[in-house]
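Coordinates from data00.pdb are shown below (PDB, C-alpha atoms).
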ATOM      1  CA  MET A   1     -70.411  62.914  42.687
ATOM      2  CA  HIS A   2     -73.207  61.640  44.843
ATOM      3  CA  THR A   3     -76.193  61.212  42.567
ATOM      4  CA  ALA A   4     -78.817  60.179  45.092
ATOM      5  CA  ARG A   5     -78.361  63.083  47.400
ATOM      6  CA  ARG A   6     -78.618  65.652  44.629
ATOM      7  CA  PHE A   7     -82.337  65.444  45.133
ATOM      8  CA  PHE A   8     -82.355  66.296  48.811
ATOM      9  CA  VAL A   9     -82.645  69.895  50.009
ATOM     10  CA  THR A  10     -82.259  70.685  53.681
ATOM     11  CA  ALA A  11     -84.596  72.690  55.867
ATOM     12  CA  LEU A  12     -82.198  74.227  58.281
ATOM     13  CA  SER A  13     -81.563  77.653  56.952
ATOM     14  CA  LEU A  14     -85.110  78.750  56.639
ATOM     15  CA  ALA A  15     -85.773  78.064  60.229
ATOM     16  CA  PHE A  16     -85.383  81.714  60.894
ATOM     17  CA  ILE A  17     -86.687  83.714  57.999
ATOM     18  CA  SER A  18     -90.440  84.146  57.993
ATOM     19  CA  THR A  19     -93.195  81.714  57.093
ATOM     20  CA  PRO A  20     -93.378  78.070  55.981
ATOM     21  CA  ALA A  21     -90.399  76.543  54.231
ATOM     22  CA  LEU A  22     -88.791  73.204  53.505
ATOM     23  CA  GLY A  23     -85.488  71.813  54.681
ATOM     24  CA  TRP A  24     -84.459  69.371  57.376
ATOM     25  CA  GLY A  25     -87.682  68.106  55.763
ATOM     26  CA  ALA A  26     -90.694  70.334  55.176
ATOM     27  CA  ASN A  27     -91.311  70.998  58.849
ATOM     28  CA  GLY A  28     -87.730  71.976  59.520
ATOM     29  CA  HIS A  29     -87.801  74.520  56.708
ATOM     30  CA  GLN A  30     -91.081  75.865  58.027
ATOM     31  CA  ALA A  31     -89.588  76.307  61.470
ATOM     32  CA  VAL A  32     -86.732  78.317  59.999
ATOM     33  CA  GLY A  33     -89.148  80.437  58.067
ATOM     34  CA  PHE A  34     -91.391  81.282  60.971
ATOM     35  CA  VAL A  35     -88.569  82.357  63.253
ATOM     36  CA  GLU A  36     -86.132  84.527  61.330
ATOM     37  CA  SER A  37     -88.063  87.482  59.986
ATOM     38  CA  SER A  38     -90.362  87.729  62.956
ATOM     39  CA  CYS A  39     -87.531  87.600  65.467
ATOM     40  CA  PHE A  40     -84.161  88.498  64.032
ATOM     41  CA  LEU A  41     -84.125  90.272  60.662
ATOM     42  CA  SER A  42     -83.162  93.935  60.925
ATOM     43  CA  PRO A  43     -85.133  96.640  59.053
ATOM     44  CA  LYS A  44     -83.212  96.872  55.779
ATOM     45  CA  ALA A  45     -82.739  93.121  55.505
ATOM     46  CA  LEU A  46     -86.429  92.555  56.114
ATOM     47  CA  ALA A  47     -87.310  95.271  53.596
ATOM     48  CA  PHE A  48     -85.149  93.613  50.944
ATOM     49  CA  VAL A  49     -86.716  90.223  51.594
ATOM     50  CA  THR A  50     -90.267  91.531  51.358
ATOM     51  CA  SER A  51     -89.674  93.759  48.317
ATOM     52  CA  SER A  52     -87.539  91.231  46.472
ATOM     53  CA  LEU A  53     -89.871  88.277  46.872
ATOM     54  CA  GLY A  54     -93.047  90.323  46.456
ATOM     55  CA  PRO A  55     -96.595  88.953  46.259
ATOM     56  CA  THR A  56     -95.527  85.761  44.492
ATOM     57  CA  TYR A  57     -94.189  84.515  47.809
ATOM     58  CA  SER A  58     -96.309  86.672  50.102
ATOM     59  CA  GLN A  59     -93.203  88.853  50.557
ATOM     60  CA  SER A  60     -91.652  86.114  52.664
ATOM     61  CA  LEU A  61     -88.900  83.528  52.437
ATOM     62  CA  GLY A  62     -91.273  81.045  54.047
ATOM     63  CA  PRO A  63     -93.638  80.470  51.124
ATOM     64  CA  ALA A  64     -90.665  80.783  48.782
ATOM     65  CA  ALA A  65     -89.293  77.579  50.249
ATOM     66  CA  THR A  66     -91.398  75.506  47.877
ATOM     67  CA  TRP A  67     -89.009  76.756  45.199
ATOM     68  CA  ALA A  68     -86.514  74.210  46.487
ATOM     69  CA  ASP A  69     -88.809  71.318  45.606
ATOM     70  CA  ASP A  70     -89.856  72.943  42.354
ATOM     71  CA  ILE A  71     -86.351  73.199  40.934
ATOM     72  CA  LYS A  72     -84.721  70.041  42.208
ATOM     73  CA  SER A  73     -86.073  68.019  39.269
ATOM     74  CA  SER A  74     -85.741  70.825  36.733
ATOM     75  CA  SER A  75     -83.107  70.343  34.055
ATOM     76  CA  ALA A  76     -82.542  74.107  34.093
ATOM     77  CA  TYR A  77     -81.200  73.859  37.640
ATOM     78  CA  ALA A  78     -79.428  70.506  37.412
ATOM     79  CA  TRP A  79     -76.150  72.377  37.810
ATOM     80  CA  SER A  80     -77.118  73.423  41.350
ATOM     81  CA  SER A  81     -77.551  69.935  42.784
ATOM     82  CA  THR A  82     -74.023  69.658  44.174
ATOM     83  CA  LEU A  83     -74.197  73.070  45.817
ATOM     84  CA  HIS A  84     -76.313  71.868  48.743
ATOM     85  CA  TYR A  85     -73.578  69.886  50.454
ATOM     86  CA  VAL A  86     -69.879  69.235  50.804
ATOM     87  CA  ASP A  87     -68.734  65.622  50.687
ATOM     88  CA  ALA A  88     -66.343  65.341  53.598
ATOM     89  CA  GLU A  89     -64.077  62.412  52.755
ATOM     90  CA  ASP A  90     -63.512  61.369  56.349
ATOM     91  CA  ASN A  91     -64.282  58.232  58.339
ATOM     92  CA  PRO A  92     -67.023  58.660  60.949
ATOM     93  CA  PRO A  93     -67.397  57.730  63.706
ATOM     94  CA  ASN A  94     -63.627  57.257  63.958
ATOM     95  CA  SER A  95     -62.490  60.533  62.429
ATOM     96  CA  CYS A  96     -64.300  63.607  61.161
ATOM     97  CA  SER A  97     -62.976  66.587  59.219
ATOM     98  CA  VAL A  98     -63.845  69.024  56.447
ATOM     99  CA  SER A  99     -61.201  70.331  54.080
ATOM    100  CA  GLU A 100     -62.156  72.616  51.223
ATOM    101  CA  SER A 101     -59.097  71.672  49.171
ATOM    102  CA  ARG A 102     -59.906  67.980  49.591
ATOM    103  CA  ASP A 103     -63.706  67.947  49.642
ATOM    104  CA  CYS A 104     -64.501  70.791  47.235
ATOM    105  CA  ALA A 105     -61.544  70.630  44.871
ATOM    106  CA  ASN A 106     -63.714  71.354  41.824
ATOM    107  CA  GLY A 107     -65.175  74.463  43.456
ATOM    108  CA  LYS A 108     -68.716  73.115  43.301
ATOM    109  CA  CYS A 109     -69.998  72.670  46.828
ATOM    110  CA  ILE A 110     -71.963  74.494  49.489
ATOM    111  CA  LEU A 111     -68.922  76.433  50.733
ATOM    112  CA  THR A 112     -68.242  78.136  47.406
ATOM    113  CA  ALA A 113     -71.970  78.542  46.764
ATOM    114  CA  ILE A 114     -72.411  80.627  49.904
ATOM    115  CA  ALA A 115     -69.571  82.933  48.852
ATOM    116  CA  ASN A 116     -70.965  83.274  45.325
ATOM    117  CA  TYR A 117     -74.549  84.037  46.277
ATOM    118  CA  THR A 118     -73.492  86.346  49.089
ATOM    119  CA  THR A 119     -71.886  88.489  46.398
ATOM    120  CA  ARG A 120     -74.797  88.227  43.991
ATOM    121  CA  VAL A 121     -77.596  89.062  46.429
ATOM    122  CA  VAL A 122     -76.245  92.611  46.915
ATOM    123  CA  ASP A 123     -74.947  93.180  43.381
ATOM    124  CA  ALA A 124     -76.977  96.140  42.113
ATOM    125  CA  SER A 125     -75.802  95.500  38.554
ATOM    126  CA  LEU A 126     -77.852  92.292  38.457
ATOM    127  CA  SER A 127     -81.510  92.209  37.531
ATOM    128  CA  THR A 128     -84.219  91.990  40.171
ATOM    129  CA  SER A 129     -84.885  88.364  39.239
ATOM    130  CA  GLN A 130     -81.196  87.459  39.522
ATOM    131  CA  ARG A 131     -80.946  88.981  42.999
ATOM    132  CA  GLN A 132     -84.167  87.265  44.003
ATOM    133  CA  GLU A 133     -82.678  83.980  42.863
ATOM    134  CA  ALA A 134     -79.561  84.655  44.926
ATOM    135  CA  LEU A 135     -81.734  85.372  47.964
ATOM    136  CA  LYS A 136     -83.626  82.133  47.466
ATOM    137  CA  PHE A 137     -80.396  80.178  47.165
ATOM    138  CA  LEU A 138     -79.029  81.683  50.364
ATOM    139  CA  GLY A 139     -82.349  81.579  52.203
ATOM    140  CA  THR A 140     -84.934  79.296  50.633
ATOM    141  CA  LEU A 141     -82.589  76.551  49.544
ATOM    142  CA  SER A 142     -80.817  77.632  52.595
ATOM    143  CA  PHE A 143     -77.203  77.015  51.849
ATOM    144  CA  ILE A 144     -76.451  78.636  55.202
ATOM    145  CA  GLY A 145     -78.994  76.302  56.772
ATOM    146  CA  ASP A 146     -77.799  73.210  54.928
ATOM    147  CA  VAL A 147     -74.228  73.638  56.090
ATOM    148  CA  GLY A 148     -75.379  72.978  59.659
ATOM    149  CA  GLN A 149     -77.050  69.652  58.850
ATOM    150  CA  PRO A 150     -74.544  66.935  59.847
ATOM    151  CA  LEU A 151     -75.306  64.716  56.861
ATOM    152  CA  HIS A 152     -74.952  67.596  54.389
ATOM    153  CA  VAL A 153     -71.301  67.729  55.317
ATOM    154  CA  GLU A 154     -70.555  64.023  55.015
ATOM    155  CA  ALA A 155     -69.655  61.730  52.082
ATOM    156  CA  VAL A 156     -70.193  58.299  53.668
ATOM    157  CA  GLU A 157     -72.982  56.464  51.836
ATOM    158  CA  GLU A 158     -74.013  59.664  50.081
ATOM    159  CA  GLY A 159     -74.600  61.545  53.297
ATOM    160  CA  GLY A 160     -76.390  58.599  54.917
ATOM    161  CA  ASN A 161     -78.806  58.032  52.025
ATOM    162  CA  GLY A 162     -77.410  54.533  51.532
ATOM    163  CA  ILE A 163     -77.693  53.485  55.179
ATOM    164  CA  SER A 164     -80.922  51.671  56.059
ATOM    165  CA  VAL A 165     -82.335  52.314  59.538
ATOM    166  CA  LYS A 166     -85.656  51.999  61.352
ATOM    167  CA  CYS A 167     -87.840  54.787  62.725
ATOM    168  CA  SER A 168     -91.007  53.933  64.660
ATOM    169  CA  GLY A 169     -91.263  50.568  62.955
ATOM    170  CA  SER A 170     -90.731  51.839  59.396
ATOM    171  CA  THR A 171     -87.654  51.400  57.231
ATOM    172  CA  THR A 172     -85.961  54.613  56.146
ATOM    173  CA  ASN A 173     -82.379  55.805  55.668
ATOM    174  CA  LEU A 174     -80.096  57.713  57.992
ATOM    175  CA  TYR A 175     -80.330  60.933  55.992
ATOM    176  CA  SER A 176     -84.132  60.925  55.945
ATOM    177  CA  LEU A 177     -84.198  60.090  59.634
ATOM    178  CA  TRP A 178     -82.316  63.305  60.382
ATOM    179  CA  ASP A 179     -83.958  65.335  57.647
ATOM    180  CA  SER A 180     -87.559  64.664  58.643
ATOM    181  CA  GLY A 181     -88.259  61.437  60.530
ATOM    182  CA  MET A 182     -87.240  62.547  64.000
ATOM    183  CA  ILE A 183     -88.486  66.113  63.457
ATOM    184  CA  ASN A 184     -91.966  64.874  62.533
ATOM    185  CA  LYS A 185     -92.059  62.699  65.639
ATOM    186  CA  LEU A 186     -90.897  65.634  67.783
ATOM    187  CA  LEU A 187     -93.590  67.946  66.456
ATOM    188  CA  ALA A 188     -96.329  65.413  67.121
ATOM    189  CA  ALA A 189     -95.094  64.606  70.613
ATOM    190  CA  ASN A 190     -94.079  68.027  71.930
ATOM    191  CA  TYR A 191     -95.600  70.797  69.829
ATOM    192  CA  GLY A 192     -99.073  69.644  68.802
ATOM    193  CA  ASN A 193     -97.850  69.242  65.209
ATOM    194  CA  SER A 194     -97.465  73.023  65.055
ATOM    195  CA  VAL A 195     -94.346  74.278  63.316
ATOM    196  CA  THR A 196     -95.227  77.798  64.455
ATOM    197  CA  THR A 197     -95.225  76.752  68.098
ATOM    198  CA  TRP A 198     -91.905  75.005  67.626
ATOM    199  CA  ALA A 199     -90.333  77.973  65.852
ATOM    200  CA  ASN A 200     -91.555  80.394  68.513
ATOM    201  CA  THR A 201     -90.070  78.148  71.176
ATOM    202  CA  LEU A 202     -86.678  78.138  69.457
ATOM    203  CA  GLY A 203     -86.798  81.901  69.041
ATOM    204  CA  THR A 204     -87.568  82.368  72.727
ATOM    205  CA  ARG A 205     -84.702  80.093  73.704
ATOM    206  CA  ILE A 206     -82.335  82.239  71.648
ATOM    207  CA  LYS A 207     -83.614  85.533  73.054
ATOM    208  CA  SER A 208     -83.953  84.705  76.715
ATOM    209  CA  GLY A 209     -83.842  80.973  77.284
ATOM    210  CA  SER A 210     -81.342  78.144  77.266
ATOM    211  CA  TYR A 211     -79.667  79.297  74.030
ATOM    212  CA  ALA A 212     -79.201  82.938  75.057
ATOM    213  CA  SER A 213     -75.715  82.477  76.500
ATOM    214  CA  LEU A 214     -74.650  80.314  73.548
ATOM    215  CA  ALA A 215     -75.900  82.531  70.718
ATOM    216  CA  PRO A 216     -72.878  84.901  70.653
ATOM    217  CA  PHE A 217     -70.588  81.925  70.156
ATOM    218  CA  TRP A 218     -72.741  80.663  67.269
ATOM    219  CA  LEU A 219     -71.885  83.849  65.391
ATOM    220  CA  SER A 220     -68.143  83.560  65.891
ATOM    221  CA  CYS A 221     -66.019  81.834  63.320
ATOM    222  CA  THR A 222     -63.060  80.267  65.097
ATOM    223  CA  SER A 223     -62.530  77.869  67.929
ATOM    224  CA  THR A 224     -64.629  78.550  71.006
ATOM    225  CA  THR A 225     -61.417  78.292  73.009
ATOM    226  CA  SER A 226     -60.141  81.516  71.419
ATOM    227  CA  GLN A 227     -60.516  84.767  73.314
ATOM    228  CA  ALA A 228     -63.796  86.410  72.405
ATOM    229  CA  SER A 229     -62.123  89.683  71.473
ATOM    230  CA  ARG A 230     -59.998  87.883  68.888
ATOM    231  CA  ARG A 231     -62.708  85.751  67.363
ATOM    232  CA  PRO A 232     -63.838  86.817  63.848
ATOM    233  CA  THR A 233     -67.575  87.224  63.563
ATOM    234  CA  VAL A 234     -70.204  86.982  60.837
ATOM    235  CA  GLN A 235     -69.813  90.732  60.347
ATOM    236  CA  ASP A 236     -66.048  90.397  59.897
ATOM    237  CA  ASP A 237     -66.483  87.579  57.404
ATOM    238  CA  VAL A 238     -69.187  89.192  55.278
ATOM    239  CA  THR A 239     -67.713  92.696  55.161
ATOM    240  CA  GLY A 240     -64.248  91.297  54.531
ATOM    241  CA  HIS A 241     -65.607  89.337  51.597
ATOM    242  CA  PHE A 242     -66.237  92.580  49.726
ATOM    243  CA  ARG A 243     -62.832  94.106  50.310
ATOM    244  CA  PRO A 244     -60.370  94.058  47.416
ATOM    245  CA  ARG A 245     -58.554  90.739  47.106
ATOM    246  CA  ALA A 246     -60.723  89.168  49.763
ATOM    247  CA  ILE A 247     -59.722  85.668  50.796
ATOM    248  CA  THR A 248     -62.006  82.940  49.498
ATOM    249  CA  PRO A 249     -63.549  80.795  50.868
ATOM    250  CA  LEU A 250     -65.371  82.625  53.594
ATOM    251  CA  GLU A 251     -64.281  81.527  57.021
ATOM    252  CA  CYS A 252     -67.644  81.226  58.765
ATOM    253  CA  PRO A 253     -69.288  78.627  56.483
ATOM    254  CA  LEU A 254     -66.210  76.416  56.695
ATOM    255  CA  VAL A 255     -66.162  76.662  60.498
ATOM    256  CA  TRP A 256     -69.898  75.919  60.635
ATOM    257  CA  ALA A 257     -69.449  72.935  58.316
ATOM    258  CA  LYS A 258     -66.720  71.559  60.577
ATOM    259  CA  ASP A 259     -68.961  72.107  63.586
ATOM    260  CA  ALA A 260     -71.806  70.093  62.014
ATOM    261  CA  ASN A 261     -69.450  67.446  60.656
ATOM    262  CA  SER A 262     -68.044  66.827  64.134
ATOM    263  CA  LEU A 263     -71.499  65.605  65.147
ATOM    264  CA  ASP A 264     -71.140  62.735  62.684
ATOM    265  CA  CYS A 265     -68.388  61.351  64.899
ATOM    266  CA  SER A 266     -69.733  62.335  68.292
ATOM    267  CA  PHE A 267     -73.293  61.135  67.683
ATOM    268  CA  VAL A 268     -74.914  60.626  64.254
ATOM    269  CA  PHE A 269     -73.099  57.416  63.274
ATOM    270  CA  ASN A 270     -73.067  55.964  66.791
ATOM    271  CA  TYR A 271     -76.099  53.690  66.920
ATOM    272  CA  SER A 272     -76.895  50.001  67.347
ATOM    273  CA  SER A 273     -77.524  48.218  64.058
ATOM    274  CA  GLY A 274     -81.075  46.912  63.846
ATOM    275  CA  ALA A 275     -82.385  49.111  66.657
ATOM    276  CA  ASP A 276     -85.386  51.357  66.108
ATOM    277  CA  LEU A 277     -83.731  54.760  66.303
ATOM    278  CA  CYS A 278     -87.000  56.602  66.984
ATOM    279  CA  THR A 279     -87.984  54.539  70.031
ATOM    280  CA  THR A 280     -84.647  54.339  71.821
ATOM    281  CA  SER A 281     -82.229  56.695  73.548
ATOM    282  CA  TYR A 282     -80.842  57.602  70.121
ATOM    283  CA  TYR A 283     -83.963  59.670  69.470
ATOM    284  CA  THR A 284     -83.984  61.200  72.941
ATOM    285  CA  ASN A 285     -80.387  62.325  72.577
ATOM    286  CA  ALA A 286     -80.703  63.402  68.933
ATOM    287  CA  ILE A 287     -83.539  65.877  69.478
ATOM    288  CA  PRO A 288     -81.499  68.454  71.443
ATOM    289  CA  ILE A 289     -78.870  68.309  68.680
ATOM    290  CA  ILE A 290     -81.431  68.847  65.919
ATOM    291  CA  GLU A 291     -83.105  71.748  67.697
ATOM    292  CA  THR A 292     -79.784  73.376  68.466
ATOM    293  CA  GLN A 293     -78.552  73.043  64.881
ATOM    294  CA  ILE A 294     -81.738  74.539  63.460
ATOM    295  CA  ALA A 295     -81.582  77.385  65.958
ATOM    296  CA  LYS A 296     -77.911  77.985  65.158
ATOM    297  CA  GLN A 297     -78.338  78.159  61.411
ATOM    298  CA  GLY A 298     -81.488  80.239  61.587
ATOM    299  CA  LEU A 299     -79.731  82.824  63.733
ATOM    300  CA  ARG A 300     -76.674  82.703  61.494
ATOM    301  CA  LEU A 301     -78.751  83.272  58.373
ATOM    302  CA  ALA A 302     -80.476  86.254  59.971
ATOM    303  CA  ALA A 303     -77.107  87.695  60.990
ATOM    304  CA  TRP A 304     -75.745  87.102  57.478
ATOM    305  CA  LEU A 305     -78.563  89.015  55.804
ATOM    306  CA  ASN A 306     -78.499  91.734  58.463
ATOM    307  CA  VAL A 307     -74.805  92.397  57.838
ATOM    308  CA  LEU A 308     -75.366  92.451  54.076
ATOM    309  CA  PHE A 309     -78.201  94.979  54.191
ATOM    310  CA  ASP A 310     -77.805  96.826  57.511
ATOM    311  CA  GLY A 311     -74.058  96.621  57.980
ATOM    312  CA  ALA A 312     -74.195  94.802  61.317
ATOM    313  CA  ALA A 313     -75.647  91.612  62.767
ATOM    314  CA  ASN A 314     -78.048  93.649  64.952
ATOM    315  CA  LEU A 315     -79.056  90.692  67.075
ATOM    316  CA  PRO A 316     -80.139  90.638  70.726
TER     317      PRO A 316
END
Output the file's structure in the form of structure tokens.
Amino acid sequence: MHTARRFFVTALSLAFISTPALGWGANGHQAVGFVESSCFLSPKALAFVTSSLGPTYSQSLGPAATWADDIKSSSAYAWSSTLHYVDAEDNPPNSCSVSESRDCANGKCILTAIANYTTRVVDASLSTSQRQEALKFLGTLSFIGDVGQPLHVEAVEEGGNGISVKCSGSTTNLYSLWDSGMINKLLAANYGNSVTTWANTLGTRIKSGSYASLAPFWLSCTSTTSQASRRPTVQDDVTGHFRPRAITPLECPLVWAKDANSLDCSFVFNYSSGADLCTTSYYTNAIPIIETQIAKQGLRLAAWLNVLFDGAANLP
């Protein structure tokens, strides 16, 4: 069990729900929050979010993102610490893989958590507070977002927490570099330190820009080499989960975890020791990956909630 990383909560999944959030560092969560509800949540999903969270969180998953920081040091939620990641016991950059039977043998990881809280968020027999909690786990703590963060699906040095690196002259660790260091630099350099501007840019790319042709593939759950007509989708995975004797785990989260984990081999762990990773080509090449992963998981989270509450992904 990786003690150090229990205290890290990713920002990815909120990137597409409504207003500020935390995750890939605070700014990453905020980006998720600003994009999803304003761009991609369908009517019933949006109605559930606003009514469930209520005035406490301004009826938005954005403000609710502070819940992640609030509970991470709470003894009442200590049990949830391992649910934010899956420790892939592989060997990047030489080999990367995620296996639920190997990496989540005790059933306590992000893959099983997504299946559990997917069931709970629509369970009408639960209390309002229990369903709100499930929504916050899926959205605010962003299990669906976290599974797209490359170092949330990696065991080496506790997901990079034990690897010292440099960013703009300061010493940090590889996890923090990807969680917030490079994102903060990006916002200052390209978006006037405005998370809203960044989120709007990502949303536009998905709707009509450079991500538009890729978005349909982000919602499929098998190899991109499979024929589109035969590729299971988010809708297939979520609706199938509620059929009698449904197969667990869900297919999509595992596929998405493998997708993010592959980046550990193709890029994340490929750097020159001692180099400043925020002032070299590592940063330049990492930014498109970070933006794409946040866009992916934000769209996926919106689709997930849309299928749960509207019966279809309902995305452009």
Exercise. Find the residues around A:Tyr282 up to 10 Å (all atoms listed in the file counted), leave out those fewer than 3 positions away in its own chain, and share them as a list in words.
Key: Phe267, Val268, Asn270, Tyr271, Ser272, Ala275, Asp276, Leu277, Cys278, Thr279, Asn285, Ala286 and Ile287 of chain A
Practice problem: Please provide as a PyMOL selection string all residues within 8 Å of A:Ser52, with the sequence filter that same-chain residues fewer than 3 positions apart are discarded (counting all atoms listed in the file). | Solution: chain A and resi 48-49+59+128+131-132
Using C-alpha atoms, can you write the selected residues to a file as a compact mmCIF listing (two decimals), keeping the file's coordinate frame?
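This is the output file part-v3.txt:
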# COMPACT_ATOMS: atom_id res chain seq x y z
CA PHE A 48 -85.15 93.61 50.94
CA VAL A 49 -86.72 90.22 51.59
CA GLN A 59 -93.20 88.85 50.56
CA THR A 128 -84.22 91.99 40.17
CA ARG A 131 -80.95 88.98 43.00
CA GLN A 132 -84.17 87.26 44.00
Quiz item: A:Ala134: which residues within 7 Å, counting only C-alpha atoms, same-chain residues fewer than 2 positions away excluded, as a ChimeraX atom specification?
Solution: /A:117,120-121,130-132,136-138
Taking the file as shown, what set of residues would the PyMOL selection byres ((chain A and resi 306) around 12) give back, as a compact mmCIF listing (two decimals) with C-alpha atoms, in the coordinates of the input?
# COMPACT_ATOMS: atom_id res chain seq x y z
CA ILE A 17 -86.69 83.71 58.00
CA GLU A 36 -86.13 84.53 61.33
CA SER A 37 -88.06 87.48 59.99
CA PHE A 40 -84.16 88.50 64.03
CA LEU A 41 -84.12 90.27 60.66
CA SER A 42 -83.16 93.94 60.92
CA PRO A 43 -85.13 96.64 59.05
CA LYS A 44 -83.21 96.87 55.78
CA ALA A 45 -82.74 93.12 55.50
CA LEU A 46 -86.43 92.56 56.11
CA ALA A 47 -87.31 95.27 53.60
CA PHE A 48 -85.15 93.61 50.94
CA VAL A 49 -86.72 90.22 51.59
CA THR A 118 -73.49 86.35 49.09
CA VAL A 122 -76.24 92.61 46.92
CA VAL A 234 -70.20 86.98 60.84
CA GLN A 235 -69.81 90.73 60.35
CA VAL A 238 -69.19 89.19 55.28
CA THR A 239 -67.71 92.70 55.16
CA LEU A 299 -79.73 82.82 63.73
CA ARG A 300 -76.67 82.70 61.49
CA LEU A 301 -78.75 83.27 58.37
CA ALA A 302 -80.48 86.25 59.97
CA ALA A 303 -77.11 87.70 60.99
CA TRP A 304 -75.74 87.10 57.48
CA LEU A 305 -78.56 89.02 55.80
CA VAL A 307 -74.81 92.40 57.84
CA LEU A 308 -75.37 92.45 54.08
CA PHE A 309 -78.20 94.98 54.19
CA ASP A 310 -77.81 96.83 57.51
CA GLY A 311 -74.06 96.62 57.98
CA ALA A 312 -74.19 94.80 61.32
CA ALA A 313 -75.65 91.61 62.77
CA ASN A 314 -78.05 93.65 64.95
CA LEU A 315 -79.06 90.69 67.08
Name the residues captured by the PyMOL selection byres ((chain A and resi 158-170) around 9) when it is applied to the shown file; answer as a PDB file with C-alpha atoms, in the frame of the given file.
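Written out: result.pdb:
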ATOM      1  CA  MET A   1     -70.411  62.914  42.687  1.00  0.00           C
ATOM      2  CA  HIS A   2     -73.207  61.640  44.843  1.00  0.00           C
ATOM      3  CA  THR A   3     -76.193  61.212  42.567  1.00  0.00           C
ATOM      4  CA  ALA A   4     -78.817  60.179  45.092  1.00  0.00           C
ATOM      5  CA  ARG A   5     -78.361  63.083  47.400  1.00  0.00           C
ATOM      6  CA  TYR A  85     -73.578  69.886  50.454  1.00  0.00           C
ATOM      7  CA  ASP A  87     -68.734  65.622  50.687  1.00  0.00           C
ATOM      8  CA  PRO A 150     -74.544  66.935  59.847  1.00  0.00           C
ATOM      9  CA  LEU A 151     -75.306  64.716  56.861  1.00  0.00           C
ATOM     10  CA  HIS A 152     -74.952  67.596  54.389  1.00  0.00           C
ATOM     11  CA  VAL A 153     -71.301  67.729  55.317  1.00  0.00           C
ATOM     12  CA  GLU A 154     -70.555  64.023  55.015  1.00  0.00           C
ATOM     13  CA  ALA A 155     -69.655  61.730  52.082  1.00  0.00           C
ATOM     14  CA  VAL A 156     -70.193  58.299  53.668  1.00  0.00           C
ATOM     15  CA  GLU A 157     -72.982  56.464  51.836  1.00  0.00           C
ATOM     16  CA  THR A 171     -87.654  51.400  57.231  1.00  0.00           C
ATOM     17  CA  THR A 172     -85.961  54.613  56.146  1.00  0.00           C
ATOM     18  CA  ASN A 173     -82.379  55.805  55.668  1.00  0.00           C
ATOM     19  CA  LEU A 174     -80.096  57.713  57.992  1.00  0.00           C
ATOM     20  CA  TYR A 175     -80.330  60.933  55.992  1.00  0.00           C
ATOM     21  CA  SER A 176     -84.132  60.925  55.945  1.00  0.00           C
ATOM     22  CA  LEU A 177     -84.198  60.090  59.634  1.00  0.00           C
ATOM     23  CA  GLY A 181     -88.259  61.437  60.530  1.00  0.00           C
ATOM     24  CA  MET A 182     -87.240  62.547  64.000  1.00  0.00           C
ATOM     25  CA  LYS A 185     -92.059  62.699  65.639  1.00  0.00           C
ATOM     26  CA  SER A 273     -77.524  48.218  64.058  1.00  0.00           C
ATOM     27  CA  GLY A 274     -81.075  46.912  63.846  1.00  0.00           C
ATOM     28  CA  ALA A 275     -82.385  49.111  66.657  1.00  0.00           C
ATOM     29  CA  ASP A 276     -85.386  51.357  66.108  1.00  0.00           C
ATOM     30  CA  LEU A 277     -83.731  54.760  66.303  1.00  0.00           C
ATOM     31  CA  CYS A 278     -87.000  56.602  66.984  1.00  0.00           C
ATOM     32  CA  THR A 279     -87.984  54.539  70.031  1.00  0.00           C
TER      33      THR A 279
END
Quiz item: Which residues, protein or nucleic acid, reach to within 12 Å of (-88.0, 75.6, 71.3) in the file's coordinates when using only C-alpha atoms, and can you give that as an NGL selection string?
Solution: :A and (15 or 31-32 or 35 or 186-187 or 190-191 or 194-211 or 287-295)
Practice problem: Pick out the closest residue to A:Lys258 from this set: A:Ser97, A:Ser127, A:Asn106, A:Ser213. Count all atoms listed in the file. | Solution: A:Ser97
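Proximity to A:Cys252 at 7 Å, evaluated using only C-alpha atoms and with sequence-adjacent residues fewer than 2 positions away removed, yields Cys221, Val234, Asp237, Leu250, Leu254, Val255 and Trp256 of chain A.
Across the structure, atom CA of A:Asn27 and atom CA of A:Thr112 are spaced 26.7 Å apart.
The space between atom CA of A:Val86 and atom CA of A:Leu111 spans 7.3 Å.
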Quiz item: Hey, can you check how far atom CA of A:Asp146 sits from atom CA of A:His84?
Solution: 6.5 Å
Exercise. Report as JSON, numbers by chain the residues that result from applying the PyMOL selection byres ((chain A and resi 107) around 12) to the structure here.
Key: {"A": [82, 83, 85, 86, 87, 100, 101, 102, 103, 104, 105, 106, 108, 109, 110, 111, 112, 113, 114, 115, 116, 248, 249]}
